[in-house]
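Chemist: As input, take protein_36.tsv (TSV, C-alpha atoms and all ligand atoms):
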```tsv
chain	number	residue	atom	x	y	z
L	1	MET	CA	-14.49	-8.44	19.19
L	2	ASN	CA	-17.48	-8.95	16.94
L	3	TRP	CA	-17.48	-5.68	14.98
L	4	ARG	CA	-20.73	-4.35	13.51
L	5	VAL	CA	-18.46	-2.60	11.02
L	6	PRO	CA	-14.93	-4.00	10.68
L	7	LEU	CA	-12.18	-1.81	9.22
L	8	CYS	CA	-11.93	-4.01	6.14
L	9	ARG	CA	-13.04	-7.41	5.02
L	10	PRO	CA	-11.64	-9.42	2.10
L	11	SER	CA	-14.30	-11.16	0.02
L	12	PHE	CA	-14.27	-13.81	-2.70
L	13	SER	CA	-16.91	-14.91	-5.16
L	14	GLU	CA	-17.53	-18.61	-5.79
L	15	ALA	CA	-16.04	-18.20	-9.28
L	16	GLU	CA	-12.87	-16.69	-7.83
L	17	LEU	CA	-12.51	-19.51	-5.32
L	18	GLU	CA	-13.15	-21.98	-8.12
L	19	ALA	CA	-10.24	-20.50	-10.10
L	20	MET	CA	-7.98	-21.16	-7.12
L	21	LEU	CA	-9.34	-24.70	-6.62
L	22	GLU	CA	-8.76	-25.41	-10.30
L	23	ALA	CA	-5.09	-24.61	-9.80
L	24	TYR	CA	-4.94	-27.00	-6.83
L	25	ARG	CA	-6.68	-29.72	-8.86
L	26	SER	CA	-4.19	-29.31	-11.70
L	27	GLY	CA	-1.50	-30.94	-9.61
L	28	TRP	CA	0.90	-28.01	-10.08
L	29	VAL	CA	0.91	-25.77	-7.01
L	30	SER	CA	4.33	-24.09	-7.29
L	31	PRO	CA	4.75	-20.91	-9.33
L	32	GLY	CA	4.04	-21.92	-12.92
L	33	PRO	CA	1.60	-21.12	-15.70
L	34	GLU	CA	-0.95	-19.33	-13.48
L	35	THR	CA	1.77	-17.15	-11.97
L	36	ALA	CA	3.05	-16.28	-15.44
L	37	ARG	CA	-0.51	-15.43	-16.53
L	38	LEU	CA	-0.97	-13.16	-13.51
L	39	GLU	CA	2.32	-11.37	-14.27
L	40	GLU	CA	1.14	-10.80	-17.83
L	41	ALA	CA	-2.31	-9.64	-16.72
L	42	PHE	CA	-0.78	-7.20	-14.24
L	43	CYS	CA	1.44	-5.74	-16.97
L	44	GLU	CA	-1.56	-5.40	-19.25
L	45	TYR	CA	-3.63	-3.77	-16.49
L	46	THR	CA	-0.97	-1.32	-15.30
L	47	GLY	CA	0.89	-0.80	-18.56
L	48	ALA	CA	4.12	-2.00	-16.92
L	49	GLY	CA	6.77	-3.72	-19.03
L	50	HIS	CA	7.56	-6.60	-16.67
L	51	GLY	CA	5.92	-8.18	-13.63
L	52	VAL	CA	7.49	-10.42	-11.00
L	53	ALA	CA	5.04	-12.12	-8.62
L	54	VAL	CA	6.49	-12.43	-5.12
L	55	SER	CA	5.51	-13.71	-1.69
L	56	SER	CA	4.71	-10.23	-0.32
L	57	CYS	CA	5.06	-6.54	-1.03
L	58	SER	CA	7.76	-6.43	1.66
L	59	ALA	CA	9.75	-9.08	-0.22
L	60	GLY	CA	9.21	-7.17	-3.48
L	61	LEU	CA	10.46	-3.91	-1.98
L	62	HIS	CA	13.57	-5.68	-0.69
L	63	LEU	CA	14.18	-7.16	-4.16
L	64	ALA	CA	13.54	-3.78	-5.82
L	65	CYS	CA	16.25	-2.19	-3.64
L	66	LEU	CA	18.70	-5.05	-4.30
L	67	ALA	CA	18.03	-5.34	-8.03
L	68	SER	CA	18.29	-1.58	-8.55
L	69	GLY	CA	21.72	-1.61	-6.93
L	70	LEU	CA	21.05	0.25	-3.68
L	71	GLY	CA	23.49	-0.76	-0.99
L	72	PRO	CA	25.78	0.19	1.89
L	73	GLY	CA	26.75	3.86	2.00
L	74	ASP	CA	23.72	4.92	-0.04
L	75	GLN	CA	21.19	7.28	1.41
L	76	VAL	CA	17.57	6.63	0.53
L	77	ILE	CA	14.85	9.20	1.17
L	78	VAL	CA	11.70	7.74	2.71
L	79	PRO	CA	8.50	8.86	4.46
L	80	SER	CA	8.06	8.18	8.18
L	81	LEU	CA	4.28	7.95	7.80
L	82	THR	CA	4.25	4.42	6.37
L	83	PHE	CA	4.42	0.74	7.20
L	84	THR	CA	7.83	-0.54	8.30
L	85	SER	CA	8.46	-2.39	4.98
L	86	THR	CA	8.96	0.86	3.03
L	87	VAL	CA	11.97	1.64	5.20
L	88	SER	CA	13.20	-1.83	6.16
L	89	ALA	CA	13.66	-2.62	2.44
L	90	ALA	CA	16.39	0.05	2.34
L	91	VAL	CA	17.86	-1.01	5.70
L	92	HIS	CA	18.03	-4.69	4.61
L	93	VAL	CA	20.37	-3.78	1.72
L	94	GLY	CA	22.60	-1.72	4.02
L	95	ALA	CA	21.38	1.69	2.88
L	96	THR	CA	20.63	4.53	5.29
L	97	PRO	CA	17.08	5.86	5.38
L	98	ARG	CA	16.64	9.61	5.50
L	99	PHE	CA	13.16	10.69	6.52
L	100	ALA	CA	11.31	13.48	4.72
L	101	ASP	CA	8.07	15.19	5.71
L	102	ILE	CA	4.60	14.80	4.18
L	103	ALA	CA	3.05	17.52	2.01
L	104	GLY	CA	0.72	19.05	4.59
L	105	PRO	CA	-1.46	18.51	7.65
L	106	THR	CA	-4.18	16.81	5.55
L	107	GLU	CA	-1.89	15.67	2.69
L	108	PRO	CA	-0.25	12.54	4.07
L	109	TRP	CA	2.06	11.79	1.14
L	110	LEU	CA	5.73	12.59	0.65
L	111	SER	CA	6.40	16.28	-0.06
L	112	ALA	CA	8.52	16.84	-3.17
L	113	GLU	CA	9.89	20.01	-1.59
L	114	ALA	CA	10.92	18.10	1.55
L	115	VAL	CA	12.54	15.41	-0.62
L	116	ALA	CA	14.48	18.09	-2.54
L	117	ALA	CA	15.65	19.61	0.74
L	118	ALA	CA	16.83	16.21	2.01
L	119	LEU	CA	18.95	15.40	-1.07
L	120	ASP	CA	22.71	15.40	-0.61
L	121	GLU	CA	25.75	13.86	-2.29
L	122	ARG	CA	25.13	10.47	-0.65
L	123	THR	CA	21.51	10.24	-1.85
L	124	ARG	CA	21.06	7.37	-4.31
L	125	GLY	CA	17.35	6.68	-4.07
L	126	ILE	CA	13.84	7.63	-3.02
L	127	ILE	CA	11.13	5.25	-1.86
L	128	THR	CA	7.68	6.84	-2.09
L	129	MET	CA	4.49	5.38	-0.67
L	130	HIS	CA	1.10	6.03	-2.27
L	131	TYR	CA	-0.77	6.66	0.98
L	132	GLY	CA	-4.31	5.25	0.86
L	133	GLY	CA	-4.00	5.02	-2.93
L	134	HIS	CA	-3.34	8.74	-3.47
L	135	LEU	CA	-0.56	9.57	-5.89
L	136	GLY	CA	0.14	12.89	-4.17
L	137	GLU	CA	3.25	14.66	-5.49
L	138	THR	CA	4.44	11.73	-7.59
L	139	ILE	CA	4.99	13.83	-10.75
L	140	GLU	CA	7.30	16.27	-8.94
L	141	ILE	CA	9.17	13.45	-7.21
L	142	VAL	CA	9.68	11.61	-10.54
L	143	GLU	CA	11.12	14.85	-11.94
L	144	LEU	CA	13.53	15.20	-9.00
L	145	ALA	CA	14.68	11.59	-9.35
L	146	ARG	CA	15.18	12.02	-13.09
L	147	LYS	CA	17.23	15.22	-12.71
L	148	ARG	CA	19.50	13.66	-10.08
L	149	ASP	CA	19.60	10.20	-11.68
L	150	LEU	CA	18.21	8.55	-8.54
L	151	VAL	CA	16.57	5.17	-8.12
L	152	LEU	CA	12.85	5.72	-7.46
L	153	ILE	CA	10.90	2.86	-5.91
L	154	GLU	CA	7.14	3.13	-5.44
L	155	ASP	CA	5.60	1.32	-2.48
L	156	ALA	CA	2.23	0.80	-4.18
L	157	ALA	CA	0.82	-1.52	-1.48
L	158	HIS	CA	-2.32	0.66	-1.28
L	159	ALA	CA	-2.45	1.66	-4.92
L	160	ALA	CA	-3.73	-1.20	-7.10
L	161	GLY	CA	-5.91	0.62	-9.63
L	162	SER	CA	-4.67	4.15	-8.87
L	163	TRP	CA	-3.55	6.29	-11.74
L	164	LEU	CA	-2.46	9.82	-12.50
L	165	GLN	CA	-2.44	11.58	-15.88
L	166	GLY	CA	-3.17	8.27	-17.58
L	167	ARG	CA	-0.33	6.35	-15.90
L	168	HIS	CA	-0.80	3.65	-13.32
L	169	ALA	CA	0.75	3.65	-9.87
L	170	GLY	CA	3.90	1.56	-9.85
L	171	THR	CA	4.94	2.61	-13.38
L	172	PHE	CA	6.43	6.04	-12.60
L	173	GLY	CA	9.66	4.95	-10.98
L	174	THR	CA	12.47	2.43	-11.42
L	175	ALA	CA	10.15	-0.21	-9.92
L	176	GLY	CA	6.81	-0.36	-8.13
L	177	VAL	CA	5.51	-3.00	-5.74
L	178	PHE	CA	1.88	-3.98	-4.96
L	179	SER	CA	0.53	-6.04	-2.05
L	180	PHE	CA	-2.06	-8.82	-1.96
L	181	SER	CA	-2.10	-8.80	1.84
L	182	ALA	CA	-5.54	-9.18	3.43
L	183	SER	CA	-6.07	-5.53	4.40
L	184	LYS	CA	-5.25	-4.09	0.95
L	185	ASN	CA	-7.75	-3.39	-1.82
L	186	LEU	CA	-6.53	-6.41	-3.82
L	187	GLY	CA	-6.11	-8.52	-0.70
L	188	ILE	CA	-6.28	-12.31	-0.90
L	189	GLY	CA	-4.04	-13.33	2.04
L	190	GLU	CA	-0.37	-12.89	1.22
L	191	GLY	CA	1.52	-11.99	-1.93
L	192	GLY	CA	2.84	-9.13	-3.99
L	193	MET	CA	3.80	-7.96	-7.47
L	194	LEU	CA	6.91	-6.07	-8.54
L	195	VAL	CA	6.57	-4.15	-11.81
L	196	THR	CA	9.27	-2.39	-13.79
L	197	ALA	CA	10.05	-1.19	-17.30
L	198	ASN	CA	13.61	-2.49	-16.93
L	199	SER	CA	14.00	-6.06	-18.21
L	200	GLU	CA	17.37	-6.60	-16.51
L	201	LEU	CA	15.99	-5.44	-13.17
L	202	ALA	CA	12.99	-7.79	-13.60
L	203	ALA	CA	15.27	-10.73	-14.43
L	204	ARG	CA	17.50	-10.00	-11.43
L	205	ALA	CA	14.53	-9.66	-9.07
L	206	GLY	CA	12.95	-12.83	-10.46
L	207	SER	CA	16.15	-14.78	-10.03
L	208	LEU	CA	16.76	-13.49	-6.49
L	209	SER	CA	13.19	-14.48	-5.56
L	210	TRP	CA	14.17	-18.07	-6.54
L	211	HIS	CA	17.36	-18.44	-4.47
L	212	GLY	CA	19.35	-16.79	-7.24
L	213	LEU	CA	18.56	-19.52	-9.74
L	214	GLY	CA	18.69	-18.40	-13.33
L	215	SER	CA	15.94	-20.59	-14.72
L	216	GLN	CA	12.68	-21.21	-13.00
L	217	ILE	CA	11.31	-24.51	-11.72
L	218	TRP	CA	8.34	-24.55	-14.10
L	219	GLN	CA	10.59	-24.15	-17.12
L	220	ARG	CA	12.91	-26.88	-15.87
L	221	HIS	CA	9.91	-29.11	-15.19
L	222	GLN	CA	8.76	-28.66	-18.77
L	223	GLN	CA	12.22	-29.21	-20.21
L	224	ALA	CA	13.06	-32.07	-17.85
L	225	ALA	CA	16.40	-30.41	-17.12
L	226	PRO	CA	17.37	-31.38	-13.57
L	227	VAL	CA	20.58	-29.35	-13.22
L	228	TYR	CA	20.84	-25.78	-12.13
L	229	GLU	CA	23.53	-23.37	-11.13
L	230	LEU	CA	23.42	-20.87	-8.29
L	231	GLY	CA	24.22	-17.48	-9.78
L	232	ALA	CA	23.61	-15.24	-6.77
L	233	LEU	CA	22.75	-15.28	-3.08
L	234	GLY	CA	18.96	-15.20	-3.18
L	235	PHE	CA	15.81	-15.85	-1.20
L	236	ASN	CA	12.63	-17.85	-1.32
L	237	TYR	CA	10.31	-14.94	-2.16
L	238	ARG	CA	8.17	-16.93	-4.60
L	239	PHE	CA	4.44	-16.77	-5.09
L	240	ASP	CA	2.39	-19.86	-6.06
L	241	ASP	CA	-0.12	-20.84	-8.74
L	242	PRO	CA	-3.31	-21.25	-6.65
L	243	ARG	CA	-2.98	-17.77	-5.16
L	244	ALA	CA	-1.96	-16.37	-8.55
L	245	ALA	CA	-5.20	-17.78	-10.02
L	246	LEU	CA	-7.17	-16.18	-7.18
L	247	VAL	CA	-5.55	-12.75	-7.62
L	248	HIS	CA	-5.96	-12.95	-11.39
L	249	SER	CA	-9.64	-13.67	-10.96
L	250	ARG	CA	-10.01	-10.86	-8.39
L	251	LEU	CA	-8.25	-8.42	-10.74
L	252	GLN	CA	-11.29	-8.55	-13.07
L	253	ARG	CA	-13.41	-6.64	-10.54
L	254	LEU	CA	-10.71	-4.36	-9.14
L	255	ASP	CA	-12.02	-1.28	-10.97
L	256	ALA	CA	-15.63	-1.98	-9.93
L	257	ASP	CA	-14.47	-2.51	-6.32
L	258	ASN	CA	-12.53	0.75	-6.40
L	259	ARG	CA	-15.58	2.61	-7.76
L	260	ARG	CA	-17.66	1.32	-4.84
L	261	ARG	CA	-14.85	2.44	-2.51
L	262	ALA	CA	-14.98	5.87	-4.18
L	263	ALA	CA	-18.74	6.10	-3.57
L	264	ILE	CA	-18.30	5.33	0.15
L	265	ASP	CA	-15.43	7.81	0.31
L	266	SER	CA	-17.71	10.51	-1.19
L	267	TYR	CA	-20.49	9.68	1.27
L	268	TYR	CA	-18.08	10.12	4.21
L	269	ARG	CA	-16.68	13.35	2.75
L	270	GLU	CA	-20.12	14.86	2.35
L	271	ALA	CA	-21.21	13.74	5.79
L	272	PHE	CA	-18.15	15.31	7.46
L	273	ALA	CA	-17.84	18.37	5.19
L	274	GLU	CA	-19.26	20.87	7.69
L	275	HIS	CA	-18.03	19.13	10.83
L	276	GLU	CA	-15.62	21.23	12.85
L	277	LEU	CA	-14.00	18.30	14.69
L	278	ILE	CA	-13.10	15.95	11.82
L	279	GLU	CA	-11.52	16.77	8.49
L	280	PRO	CA	-11.03	14.15	5.75
L	281	THR	CA	-7.57	14.05	4.15
L	282	ALA	CA	-7.33	15.84	0.79
L	283	ALA	CA	-9.29	14.21	-2.04
L	284	PRO	CA	-7.47	13.31	-5.27
L	285	PRO	CA	-7.50	16.23	-7.74
L	286	ALA	CA	-8.92	16.09	-11.27
L	287	GLY	CA	-6.78	13.87	-13.49
L	288	GLU	CA	-6.06	11.43	-10.69
L	289	ARG	CA	-7.92	8.30	-9.73
L	290	SER	CA	-7.34	6.74	-6.34
L	291	SER	CA	-7.83	3.12	-5.31
L	292	TYR	CA	-9.43	4.49	-2.11
L	293	CYS	CA	-7.65	1.78	-0.17
L	294	LEU	CA	-8.15	3.75	3.09
L	295	PHE	CA	-10.46	6.46	4.33
L	296	THR	CA	-8.45	8.68	6.63
L	297	ALA	CA	-9.30	11.88	8.46
L	298	VAL	CA	-7.74	14.26	10.95
L	299	LEU	CA	-9.40	14.94	14.32
L	300	ASP	CA	-9.49	18.41	15.84
L	301	PRO	CA	-6.76	18.89	18.48
L	302	ARG	CA	-9.52	19.17	21.14
L	303	VAL	CA	-10.49	15.53	20.51
L	304	ASP	CA	-8.64	12.90	22.54
L	305	ARG	CA	-7.99	10.30	19.84
L	306	ASP	CA	-7.60	7.31	22.14
L	307	ARG	CA	-10.88	8.08	23.89
L	308	PHE	CA	-12.59	8.76	20.59
L	309	ARG	CA	-11.46	5.42	19.18
L	310	GLN	CA	-12.43	3.62	22.38
L	311	ALA	CA	-15.97	5.10	22.37
L	312	VAL	CA	-16.41	4.32	18.66
L	313	ALA	CA	-15.19	0.74	19.27
L	314	GLU	CA	-17.70	0.30	22.11
L	315	ARG	CA	-20.41	1.01	19.54
L	316	GLY	CA	-19.09	-1.74	17.28
L	317	VAL	CA	-17.11	0.31	14.75
L	318	GLN	CA	-13.47	-0.59	14.17
L	319	THR	CA	-10.94	2.16	13.46
L	320	SER	CA	-7.19	2.27	13.02
L	321	VAL	CA	-4.22	4.62	12.90
L	322	HIS	CA	-2.09	4.69	9.73
L	323	TYR	CA	0.61	4.88	11.02
L	324	PRO	CA	2.60	5.01	14.24
L	325	LEU	CA	5.51	7.17	13.03
L	326	LEU	CA	8.66	5.27	12.14
L	327	HIS	CA	11.14	8.03	13.03
L	328	ARG	CA	9.74	8.45	16.55
L	329	SER	CA	10.24	4.98	18.06
L	330	GLY	CA	11.24	1.39	17.37
L	331	VAL	CA	13.93	0.01	15.06
L	332	HIS	CA	13.78	2.94	12.61
L	333	ALA	CA	13.85	5.65	15.30
L	334	GLN	CA	15.86	8.80	14.57
L	335	PRO	CA	14.99	10.85	17.66
L	336	THR	CA	16.62	14.09	16.50
L	337	VAL	CA	14.68	14.21	13.22
L	338	ARG	CA	11.82	16.72	13.12
L	339	LEU	CA	8.97	16.33	10.62
L	340	PRO	CA	6.32	18.88	11.66
L	341	HIS	CA	3.47	17.88	9.30
L	342	THR	CA	4.09	14.16	9.80
L	343	GLU	CA	4.12	14.57	13.59
L	344	GLU	CA	0.95	16.65	13.61
L	345	TYR	CA	-0.81	14.18	11.31
L	346	GLY	CA	0.47	11.21	13.31
L	347	ARG	CA	-1.09	12.60	16.50
L	348	ARG	CA	-4.49	13.34	15.01
L	349	CYS	CA	-5.20	10.89	12.17
L	350	VAL	CA	-7.77	8.14	12.25
L	351	THR	CA	-8.81	5.53	9.67
L	352	LEU	CA	-12.49	4.60	9.26
L	353	PRO	CA	-13.93	1.37	7.77
L	354	LEU	CA	-13.87	1.16	3.97
L	355	TYR	CA	-14.39	-1.91	1.79
L	356	PRO	CA	-16.57	-2.50	-1.27
L	357	GLN	CA	-18.95	-4.99	0.35
L	358	MET	CA	-19.94	-2.56	3.13
L	359	GLU	CA	-23.70	-2.33	3.34
L	360	GLN	CA	-25.33	1.10	3.23
L	361	TRP	CA	-26.52	0.73	6.85
L	362	GLN	CA	-22.91	0.12	7.87
L	363	VAL	CA	-21.71	3.25	6.07
L	364	GLU	CA	-24.46	5.25	7.79
L	365	LEU	CA	-23.70	3.67	11.14
L	366	VAL	CA	-20.06	4.77	10.88
L	367	VAL	CA	-21.12	8.38	10.23
L	368	GLU	CA	-23.73	8.38	13.02
L	369	THR	CA	-21.30	6.81	15.47
L	370	VAL	CA	-18.46	9.20	14.65
L	371	CYS	CA	-20.78	12.23	14.91
L	372	ALA	CA	-22.37	11.02	18.16
L	373	VAL	CA	-18.99	10.38	19.78
L	374	LEU	CA	-17.62	13.74	18.57
L	375	ALA	CA	-20.73	15.50	19.97
L	376	GLN	CA	-19.95	14.02	23.39
L	377	THR	CA	-16.38	15.24	23.04
L	378	THR	CA	-17.50	18.81	22.24
L	379	GLY	CA	-19.93	18.68	25.15
L	380	ALA	CA	-17.03	17.71	27.41
L	381	ALA	CA	-14.80	20.41	25.91
L	382	ALA	CA	-17.53	23.05	26.36
L	383	ALA	CA	-18.16	21.98	29.98
L	384	ALA	CA	-14.46	22.06	30.85
C	401	LIG	C1	0.89	-3.60	3.86
C	401	LIG	C2	1.96	-2.71	3.44
C	401	LIG	C3	3.22	-3.20	3.05
C	401	LIG	C4	3.58	-4.64	3.18
C	401	LIG	O1	2.84	-5.48	2.37
C	401	LIG	P1	3.00	-7.06	2.56
C	401	LIG	O2	2.43	-7.60	1.29
C	401	LIG	O3	2.20	-7.43	3.77
C	401	LIG	O4	4.43	-7.35	2.73
C	401	LIG	C5	4.16	-2.32	2.61
C	401	LIG	N1	3.91	-1.00	2.55
C	401	LIG	C6	2.73	-0.49	2.92
C	401	LIG	C7	2.50	0.97	2.81
C	401	LIG	C8	1.72	-1.32	3.39
C	401	LIG	O5	0.55	-0.81	3.78
```
Represent the structure from my file as structure tokens, please.
Ligand SMILES: *Cc1c(COP(=O)(O)O)cnc(C)c1O
Modeler:
Amino acid sequence: MNWRVPLCRPSFSEAELEAMLEAYRSGWVSPGPETARLEEAFCEYTGAGHGVAVSSCSAGLHLACLASGLGPGDQVIVPSLTFTSTVSAAVHVGATPRFADIAGPTEPWLSAEAVAAALDERTRGIITMHYGGHLGETIEIVELARKRDLVLIEDAAHAAGSWLQGRHAGTFGTAGVFSFSASKNLGIGEGGMLVTANSELAARAGSLSWHGLGSQIWQRHQQAAPVYELGALGFNYRFDDPRAALVHSRLQRLDADNRRRAAIDSYYREAFAEHELIEPTAAPPAGERSSYCLFTAVLDPRVDRDRFRQAVAERGVQTSVHYPLLHRSGVHAQPTVRLPHTEEYGRRCVTLPLYPQMEQWQVELVVETVCAVLAQTTGAAAAA
């Protein structure tokens, strides 16, 4: 389908591509100096103590669970309204996910109250997800984790550039993990970054991302030391220098990109403010800055979402649903679990296009299209 307005679209300047090409021309394309520079730059940008570049956010979440000691018999509290990786990270280390509800019908982030209610003697960790870049009830969840001495992992796939009370997403918990996957606001293709204040955790995660090797290839290359010893059962979850150079270069305009996202978000909010059939999800409060990775809204129960999305698609506007609920079907299904807000939101939510390079006519076309399609829906509802 040739969308007039796609949901998102990664973009690269010539200078950014040049930075990547420079890494290829250098003759060193494994993780090396550029990867180390990106890790440093990420720490500087977020205020984190340590950064470990990895092949994806999913890989980073898996490593965060392993390196923080979560394992079989442990219960980990997770949202259901998220991508599979948030939960599969816990499952991969043998832990048992326990789903908790979101904060409200238009507040699609983990509810601290629901997390508190889900805690029991087997609970060892919480994995939060900063939905669309919103930090939601992070402060309250950090407090819960601190009181109970729980591991807190932040799935910050959407949250590059988000902060709350002066602290960046990813730096509240035991570890935080960002994504460089194409659809994210720092998307370049594939890749991720684990950040943590804990140097031992960072060293463990870094080693496990290199097959459990203690010293990294670049260091050995420089020291001409050919021998190594396997210290642990690890993975190949490495990043590489050309992509690290590209992300590093992209990082320079992350704040400007997020500001443009914020402006589009405001335009949508104003346009839909008085509409009775569509309600944007709650905006970040004062003291919080979102990355505005996604623009999400809730449709009135009278609107048939599938038909709405179909009609909007026929007019060239791509939409999505974040997310099909994990507890309801598929590998993570827990059919007896009831999460009223999550289930309500999951039935009615829709994601509209949002990316910094959207042209003004595209932003306006989205609003016109949504309103026109909703007007048809009301007409049908009134006639029925
Ligand atoms: C995209 C996404 C991930 C996975 O990121 P990858 O880098 O593709 O592994 C994890 N969690 C959430 C919430 C995501 O949206």
Chemist: Around ligand LIG 401 (chain C), at most 10 Å away and counting only C-alpha atoms and all ligand atoms, which residues are there? Put them as a PyMOL selection string, please.
Modeler: chain L and resi 54-62+81-89+128-133+154-159+177-184+187+189-193+293-294+322-323
Chemist: Counting all atoms listed in the file, what is within 8 Å of stretch 8-25 of chain L, bar same-chain residues fewer than 6 positions away, as a PDB file with C-alpha atoms, keeping the file's coordinate frame?
Modeler:
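Result file is around06.pdb:
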```
ATOM      1  CA  GLU L  34      -0.950 -19.330 -13.480  1.00  0.00           C
ATOM      2  CA  ALA L 182      -5.540  -9.180   3.430  1.00  0.00           C
ATOM      3  CA  SER L 183      -6.070  -5.530   4.400  1.00  0.00           C
ATOM      4  CA  GLY L 187      -6.110  -8.520  -0.700  1.00  0.00           C
ATOM      5  CA  ILE L 188      -6.280 -12.310  -0.900  1.00  0.00           C
ATOM      6  CA  ASP L 241      -0.120 -20.840  -8.740  1.00  0.00           C
ATOM      7  CA  PRO L 242      -3.310 -21.250  -6.650  1.00  0.00           C
ATOM      8  CA  ARG L 243      -2.980 -17.770  -5.160  1.00  0.00           C
ATOM      9  CA  ALA L 244      -1.960 -16.370  -8.550  1.00  0.00           C
ATOM     10  CA  ALA L 245      -5.200 -17.780 -10.020  1.00  0.00           C
ATOM     11  CA  LEU L 246      -7.170 -16.180  -7.180  1.00  0.00           C
ATOM     12  CA  SER L 249      -9.640 -13.670 -10.960  1.00  0.00           C
ATOM     13  CA  ARG L 250     -10.010 -10.860  -8.390  1.00  0.00           C
ATOM     14  CA  PRO L 353     -13.930   1.370   7.770  1.00  0.00           C
ATOM     15  CA  LEU L 354     -13.870   1.160   3.970  1.00  0.00           C
ATOM     16  CA  TYR L 355     -14.390  -1.910   1.790  1.00  0.00           C
ATOM     17  CA  GLN L 357     -18.950  -4.990   0.350  1.00  0.00           C
TER      18      GLN L 357
END
```
Chemist: Looking at L:Thr96, L:Thr138, L:Gln165, L:Ser199, which one is nearest to L:Ala67, with distances taken over all atoms listed in the file?
Modeler: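 Looking only at the distances to L:Ala67, the closest residue turns out to be L:Ser199.
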Chemist: For L:Thr174, work out the shell of residues within 10 Å, counting only C-alpha atoms and skipping chain neighbours fewer than 6 positions away, then give it as a list in words.
Modeler: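 The filter keeps Ala64, Cys65, Ser68, Gly125, Ile126, Val142, Ala145, Leu150, Val151, Leu152, Ile153, Glu154, Val195, Thr196, Ala197, Asn198 and Leu201 of chain L.
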Chemist: Could you check how far atom CA of L:Lys147 sits from atom CA of L:Ile127, in Å to one decimal?
Modeler: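 Distance reported for this atom pair: 15.9 Å.
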Chemist: Within 9 Å of (-18.8, -7.3, 17.0) in the file's own coordinates, which protein, DNA or RNA residues have an atom, counting all atoms listed in the file? List them as a ChimeraX atom specification.
Modeler: /L:1-6,315-317
Chemist: Could you check the closest approach to L:Ala48 for each of L:Phe172, L:Phe235, L:Trp163, L:Tyr267 and tell me which residue wins, using all atoms listed in the file?
Modeler: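 Among the listed residues, the smallest separation from L:Ala48 belongs to L:Phe172.
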Chemist: What are the closest atom pairs, with distances in Å to one decimal, for each residue of stretch 245-276 of chain L lying within 9 Å of stretch 358-376 of chain L, using only C-alpha atoms, rows by chain and rising residue number, as CSV?
Modeler:
```
residue,atom,partner,partner_atom,distance
L:Ile264,CA,L:Val363,CA,7.1
L:Tyr267,CA,L:Val363,CA,8.1
L:Tyr268,CA,L:Val367,CA,7.0
L:Ala271,CA,L:Val367,CA,7.0
L:Phe272,CA,L:Val367,CA,8.0
L:His275,CA,L:Cys371,CA,8.5
```
Chemist: Report as a list in words all protein, DNA and RNA residues lying within 12 Å of L:Cys43, evaluated on all atoms listed in the file, omitting residues in the same chain fewer than 6 positions from it.
Modeler: Ala36, Arg37, Gly49, His50, Gly51, Val52, Ala53, His168, Ala169, Gly170, Thr171, Gly176, Met193, Leu194, Val195, Thr196, Ala197, His248 and Leu251 of chain L
Chemist: Could you tell me how far atom CA of L:Thr106 sits from atom CA of L:Glu288, in Å to one decimal place?
Modeler: 17.2 Å
Chemist: Select, from L:Ala263, L:Leu7, L:Leu213, L:Val76, the residue with the minimum atom-to-atom distance to L:Val321, counting all atoms listed in the file.
Modeler: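 The answer is L:Leu7, which sits nearest to L:Val321.
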Chemist: Can you measure atom CA of L:Glu113 to atom CA of L:Arg148 for me? One decimal in Å is fine.
Modeler: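 If I compute the distance from atom CA of L:Glu113 to atom CA of L:Arg148, I get 14.3 Å.
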Chemist: Under the rule that all atoms listed in the file are counted, which of L:Leu63, L:Ile139, L:Glu40, L:Ile102 is the nearest residue to L:His211?
Modeler: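 The closest residue to L:His211 is L:Leu63.
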Chemist: Which residues come within 10 Å of L:Glu344, counting only C-alpha atoms, excluding same-chain residues fewer than 3 positions away, as a list in words?
Modeler: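 Residues near the query, excluding close chain neighbours: Gly104, Pro105, Thr106, Val298, Pro301, Leu339, Pro340, His341, Arg347, Arg348 and Cys349 of chain L.
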